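**Student:** The structure is given below, and queries will be raised subsequently.
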Amino acid sequence: MTIDPDPSSLGRAPMSRRGLLITGGLGISLGAVIAACGSDDGEPGRVGLAPTITDLPDVEVDDIVLLRTASSLEYSTIDLYEQLLELDAFGADSIPLIDRFIEDHRRHAAGLAELTVAAGGEPYECPNRWMSTRVVEPLLLRITGDEAEDIEPSDDPARDALTLANAFESMLGATYQQFLVQIRAAELRQELVPYGVEEVRHAAAAAILRDGAPDAYISPAVFGDENAATSSDDGVLPIFAVTGHFASLAPIEMTLGPLNDADTRFSTSIQTPAENTYVYRDQACEA
Amino acid sequence: MENPTRRRLLVAGLAGTAATALVGQRTSATAPTEPPSTDASSIEPGSSEPTSAPPTAPGRPTDADVTLLGFAQQLELTARDLYQLAIDEGAAGSEDRVLLACHKNHQAAADALSAMLGRDAPQKRDDALFDEWAPRFTSADLQEVAAAGLELENMLVATQIEMIGQLEGLDGIEALGATLLMQSRMGTVLAHLSGQGDDPAALLENSARALTPTEG
């Protein structure tokens with residue numbers, strides 16, 4: 001048996017006069033809109049009251065931008081330490097060393113400001129905005145806890161404060177290492193690298209202070225044992241003074257806060273600045 | 001008699017390993033995984049896609065660089081042999097890994113420079129410098145050797161900083177930068193190991209004088 005389908009049941013009714021008028025009207029309207037949107041220069045057309053698109057200014061990553069960025073990171077690190085001290089997060093045995101770190105960073109920041117002026121730029125003498133809002137503030141919540149964000153306070157603030165110290169000092173050292181090949185004025189390289197030397201020595205001292213000697217002296221990675229370098233019984237990522245054969249620009253990994261239900265800790269990493277962290281020439285400190 | 005082909009193979013292998021290590025660390029630097037380099041939405045207002053000016057410095061070492069980097073390699077091999085001297089004297093004991101790590105890291109730095117310089121690499125230590133420092137490393141006392149190691153590392157770092165100011169090629173600058181920053185970390189460990197852990201100056205400062213090739 002064959003079934004002859006009824007065309008009307010499939011929605012294919014023959015075009016009525018009303019349907020023809022509606023379809024034709026739509027076609028004409030659409031054509032008018034497309035014609036209005038067209039332009040002679042190949043750009044998309046504009047409809048309504050949308051503001052005219054203006055091109056963003058061209059920005060260049062030059063020596064002044066790099067110097068201002070380094071300054072801002074020095075201030076961000078000082079800011080981190082001052083907030084941790086205010087929270088009373090550091091153990092009493094760490095405070096003299098942290099005070100010394102702050103003193104060194106202030107000296108570095110002053111030196112960088114002088115280099116910025118000498119290079120013809122405006123010094124940037126405040127914390128890096130991107131770093132403050134995206135890195136420092138969220139990381140501090142791992143010490144204090146935040147009920148609204150469901151973040152538990154640290155089970156060992158002194159340990160986590162030194163973890164942050166090690167990470168920020170390592171990041172600063174790596175920043176100067178990275179800038180060695182980005183800086184164009186050759187004479188600036190020799191000015192910047194001693195700051196990097198001091199930062200990594202801070203990082204090494206923080207590692208020894210946190211994990212103790214001789215455990216924190218040398219990473220097993222130096223002897224090819226990568227697993228031992230990244231594992232521990234309590235879920236705390238170990239940190240070391242000597243991390244490998246060569247200084248690396250890789251992100252600096254860390255764990256913070258208490259164990260969670262899965263017996264792991266919050267883990268994150270920080271890394272050297274990129275385009276969205278740079279302090280460009282037109283940026284000013286917030287009032 | 002040693003088979004020269006086998007020796008050449010070994011040297012090439014070591015150089016290759018060192019080059020791979022440096023390239024690896026450079027790769028990790030240029031392929032970051034965290035938001036700062038990837039989150040374009042967070043570029044500050046007023047900034048568009050930033051442009052970096054092309055580097056004006058050459059990549060490969062220039063002729064002048066080869067002399068400096070050759071001297072740097074000799075320093076690395078001298079330091080390696082000094083730590084070996086102390087290890088042979090029994091200073092490292094059966095537990096301490098610091099001297100072994102110092103030995104390994106100076107060997108790695110020498111290999112990296114060898115890979116960069118090729119046939120221009122001296123591949124030998126500076127004998128005069130070795131003789132000058134050897135008495136301080138001829139000891140089974142770990143604290144004494146660590147104190148000598150601290151001074152040696154500080155001097156090497158100061159010398160490499162000086163060289164960075166003179167080098168023209170970015171490859172050499174990058175290699176010395178990665179090396180001297182790790183040796184600075186070693187300095188802090190050696191300061192602590194030598195019993196100066198409560199002295200911030202020993203842990204954190206470096207006031208050593210740089211060597212020049214003519215002194216070496």
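Please note that chains go A, B, ... in the order of the structure tokens, that every chain numbers its residues from 1, and that ligands are numbered from 1 in the order shown.
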Where does DSSP see helix (DSSP H, G or I) in stretch 59-125 of chain B, if you list the residues as number ranges by chain?

**Tutor:** B: 63-89, 98-120

**Student:** Keeping C-alpha atoms for every residue in the selection just given, could you write it to a file as a short mmCIF file (atom, residue, chain, number, x, y, z; two decimals), in the first residue's frame?

**Tutor:**
data_model
loop_
_atom_site.label_atom_id
_atom_site.label_comp_id
_atom_site.auth_asym_id
_atom_site.auth_seq_id
_atom_site.Cartn_x
_atom_site.Cartn_y
_atom_site.Cartn_z
CA ASP B 63 84.61 37.31 17.86
CA ALA B 64 85.12 39.42 20.97
CA ASP B 65 82.47 37.38 22.77
CA VAL B 66 84.26 34.13 21.99
CA THR B 67 87.29 35.26 24.00
CA LEU B 68 85.13 36.25 26.98
CA LEU B 69 82.98 33.13 26.88
CA GLY B 70 86.08 30.96 26.52
CA PHE B 71 87.42 32.53 29.70
CA ALA B 72 84.06 31.90 31.35
CA GLN B 73 84.29 28.23 30.42
CA GLN B 74 87.76 28.00 31.92
CA LEU B 75 86.43 29.46 35.17
CA GLU B 76 83.63 26.89 35.26
CA LEU B 77 86.07 24.03 34.74
CA THR B 78 88.36 25.44 37.42
CA ALA B 79 85.51 25.60 39.92
CA ARG B 80 84.42 22.09 39.00
CA ASP B 81 87.93 20.77 39.67
CA LEU B 82 88.18 22.64 42.98
CA TYR B 83 84.98 21.01 44.25
CA GLN B 84 86.26 17.66 43.01
CA LEU B 85 89.39 18.24 45.03
CA ALA B 86 87.34 18.77 48.19
CA ILE B 87 85.13 15.75 47.44
CA ASP B 88 88.26 13.60 46.98
CA GLU B 89 89.54 14.89 50.33
CA VAL B 98 75.98 20.49 48.32
CA LEU B 99 79.52 19.98 47.04
CA LEU B 100 78.29 17.38 44.56
CA ALA B 101 75.65 19.82 43.31
CA CYS B 102 78.23 22.60 42.97
CA HIS B 103 80.45 20.23 41.00
CA LYS B 104 77.55 19.20 38.74
CA ASN B 105 76.35 22.74 38.12
CA HIS B 106 79.79 24.02 37.12
CA GLN B 107 80.17 21.06 34.77
CA ALA B 108 76.75 21.85 33.26
CA ALA B 109 77.71 25.51 32.79
CA ALA B 110 80.98 24.50 31.11
CA ASP B 111 79.07 22.12 28.82
CA ALA B 112 76.60 24.85 27.85
CA LEU B 113 79.45 27.18 26.90
CA SER B 114 81.12 24.34 25.03
CA ALA B 115 77.94 23.83 23.00
CA MET B 116 77.85 27.52 22.17
CA LEU B 117 81.52 27.95 21.31
CA GLY B 118 82.11 24.66 19.52
CA ARG B 119 85.72 24.25 18.50
CA ASP B 120 86.59 27.64 20.02
#

**Student:** Could you pull the residues within 10 Å of B:Gln143, counting only C-alpha atoms, minus those fewer than 5 positions along the same chain, as a list in words?

**Tutor:**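 The contact residues come out as Ala91, Ala148, Gly149, Leu190, Ala191, His192, Leu193, Ser194, Gly195 and Gln196 of chain B.
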
**Student:** Based on the selection just made, write all heavy atoms of those residues as a PDB file, in the first residue's frame.

**Tutor:**
ATOM      1  N   ALA B  91      85.526  15.902  52.054  1.00  0.00           N
ATOM      2  CA  ALA B  91      84.739  16.983  52.660  1.00  0.00           C
ATOM      3  C   ALA B  91      83.235  16.764  52.499  1.00  0.00           C
ATOM      4  O   ALA B  91      82.444  17.177  53.341  1.00  0.00           O
ATOM      5  CB  ALA B  91      85.129  18.321  52.040  1.00  0.00           C
ATOM      6  N   ALA B 148      85.121  28.607  51.609  1.00  0.00           N
ATOM      7  CA  ALA B 148      85.917  28.866  50.403  1.00  0.00           C
ATOM      8  C   ALA B 148      85.014  28.876  49.173  1.00  0.00           C
ATOM      9  O   ALA B 148      85.166  29.716  48.269  1.00  0.00           O
ATOM     10  CB  ALA B 148      86.996  27.790  50.262  1.00  0.00           C
ATOM     11  N   GLY B 149      84.050  27.951  49.154  1.00  0.00           N
ATOM     12  CA  GLY B 149      83.118  27.881  48.029  1.00  0.00           C
ATOM     13  C   GLY B 149      82.298  29.155  47.885  1.00  0.00           C
ATOM     14  O   GLY B 149      82.073  29.634  46.777  1.00  0.00           O
ATOM     15  N   LEU B 190      75.986  27.904  50.441  1.00  0.00           N
ATOM     16  CA  LEU B 190      77.342  27.725  50.977  1.00  0.00           C
ATOM     17  C   LEU B 190      77.556  28.613  52.207  1.00  0.00           C
ATOM     18  O   LEU B 190      78.229  28.210  53.168  1.00  0.00           O
ATOM     19  CB  LEU B 190      78.375  28.015  49.886  1.00  0.00           C
ATOM     20  CG  LEU B 190      78.432  26.947  48.785  1.00  0.00           C
ATOM     21  CD1 LEU B 190      79.126  27.480  47.532  1.00  0.00           C
ATOM     22  CD2 LEU B 190      79.144  25.687  49.278  1.00  0.00           C
ATOM     23  N   ALA B 191      76.964  29.810  52.179  1.00  0.00           N
ATOM     24  CA  ALA B 191      77.064  30.688  53.360  1.00  0.00           C
ATOM     25  C   ALA B 191      76.409  30.018  54.561  1.00  0.00           C
ATOM     26  O   ALA B 191      76.974  30.005  55.661  1.00  0.00           O
ATOM     27  CB  ALA B 191      76.387  32.029  53.062  1.00  0.00           C
ATOM     28  N   HIS B 192      75.248  29.457  54.343  1.00  0.00           N
ATOM     29  CA  HIS B 192      74.526  28.779  55.427  1.00  0.00           C
ATOM     30  C   HIS B 192      75.309  27.566  55.918  1.00  0.00           C
ATOM     31  O   HIS B 192      75.476  27.353  57.125  1.00  0.00           O
ATOM     32  CB  HIS B 192      73.141  28.366  54.925  1.00  0.00           C
ATOM     33  CG  HIS B 192      72.158  28.099  56.015  1.00  0.00           C
ATOM     34  ND1 HIS B 192      72.022  26.857  56.597  1.00  0.00           N
ATOM     35  CD2 HIS B 192      71.272  28.909  56.650  1.00  0.00           C
ATOM     36  CE1 HIS B 192      71.086  26.918  57.536  1.00  0.00           C
ATOM     37  NE2 HIS B 192      70.619  28.152  57.596  1.00  0.00           N
ATOM     38  N   LEU B 193      75.813  26.802  54.977  1.00  0.00           N
ATOM     39  CA  LEU B 193      76.549  25.569  55.317  1.00  0.00           C
ATOM     40  C   LEU B 193      77.851  25.877  56.062  1.00  0.00           C
ATOM     41  O   LEU B 193      78.318  25.076  56.869  1.00  0.00           O
ATOM     42  CB  LEU B 193      76.839  24.798  54.023  1.00  0.00           C
ATOM     43  CG  LEU B 193      77.470  23.415  54.130  1.00  0.00           C
ATOM     44  CD1 LEU B 193      76.556  22.457  54.892  1.00  0.00           C
ATOM     45  CD2 LEU B 193      77.755  22.848  52.736  1.00  0.00           C
ATOM     46  N   SER B 194      78.400  27.041  55.784  1.00  0.00           N
ATOM     47  CA  SER B 194      79.679  27.396  56.425  1.00  0.00           C
ATOM     48  C   SER B 194      79.459  27.954  57.834  1.00  0.00           C
ATOM     49  O   SER B 194      80.408  28.424  58.465  1.00  0.00           O
ATOM     50  CB  SER B 194      80.438  28.412  55.569  1.00  0.00           C
ATOM     51  OG  SER B 194      79.743  29.643  55.552  1.00  0.00           O
ATOM     52  N   GLY B 195      78.218  27.952  58.292  1.00  0.00           N
ATOM     53  CA  GLY B 195      77.944  28.419  59.653  1.00  0.00           C
ATOM     54  C   GLY B 195      77.618  29.893  59.741  1.00  0.00           C
ATOM     55  O   GLY B 195      77.592  30.466  60.827  1.00  0.00           O
ATOM     56  N   GLN B 196      77.330  30.523  58.599  1.00  0.00           N
ATOM     57  CA  GLN B 196      77.021  31.959  58.599  1.00  0.00           C
ATOM     58  C   GLN B 196      75.531  32.216  58.365  1.00  0.00           C
ATOM     59  O   GLN B 196      75.154  33.257  57.839  1.00  0.00           O
ATOM     60  CB  GLN B 196      77.854  32.660  57.527  1.00  0.00           C
ATOM     61  CG  GLN B 196      79.360  32.476  57.713  1.00  0.00           C
ATOM     62  CD  GLN B 196      80.152  33.118  56.581  1.00  0.00           C
ATOM     63  OE1 GLN B 196      80.321  34.336  56.537  1.00  0.00           O
ATOM     64  NE2 GLN B 196      80.641  32.308  55.653  1.00  0.00           N
TER      65      GLN B 196
END

**Student:** Go through A:Asp99, A:Val65, A:Phe90, A:Leu85 one by one, measure the shortest atom-to-atom distance of each to A:Ala113 using only C-alpha atoms, and give the residue with the smallest value.

**Tutor:**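 Answer, going by the shortest atom-to-atom distance: A:Val65.
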
**Student:** Which residue gives the smallest distance to A:Ile78 among A:Pro57, A:Ala92, A:Arg265, A:Pro127, with only C-alpha atoms counted?

**Tutor:**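 Counting only C-alpha atoms, the residue closest to A:Ile78 is A:Pro127.
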
**Student:** Within 12 Å of A:Glu286, counting only C-alpha atoms, which residues show up once you throw out same-chain ones fewer than 3 positions away? Write them as a list of chain:residue names, please.

**Tutor:**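 Everything that qualifies: A:Tyr124, A:Glu125, A:Cys126, A:Pro127, A:Asn128, A:Arg129, A:Gln283.
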
**Student:** Quick check, in Å to one decimal: how far apart do atom CA of A:Thr264 and atom CA of A:Val242 lie?

**Tutor:** 25.2 Å

**Student:** Which residue gives the smallest distance to B:Arg60 among B:Ala92, B:Ala158, B:Leu170, B:Ala140, with only C-alpha atoms counted?

**Tutor:**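 Nearest to B:Arg60: B:Leu170.
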
**Student:** Ranking A:Cys285, A:Leu164, A:Leu87, A:Ala274 by minimum distance to chain B and counting only C-alpha atoms, which one comes first?

**Tutor:** A:Ala274

**Student:** Pick the closest to chain A from B:Gln123, B:Ser139, B:Thr179, B:Gln160: which is it, counting only C-alpha atoms?

**Tutor:**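 Checking each candidate against chain A, we get B:Thr179 as the closest.
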
**Student:** Grab the atom CA of A:Glu191 to atom CA of B:Ala146 distance for me, in Å with one decimal place.

**Tutor:**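 Going from atom CA of A:Glu191 over to atom CA of B:Ala146 covers 28.6 Å.
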
**Student:** What gap, in Å, lies between atom CA of A:Ile252 and atom CA of A:His105?

**Tutor:** 19.6 Å

**Student:** Write out as number ranges by chain which residues come within 12 Å of B:Ala57 when counting only C-alpha atoms, dropping same-chain ones fewer than 4 positions away.

**Tutor:** A: 180-186; B: 53, 61-62, 167-173
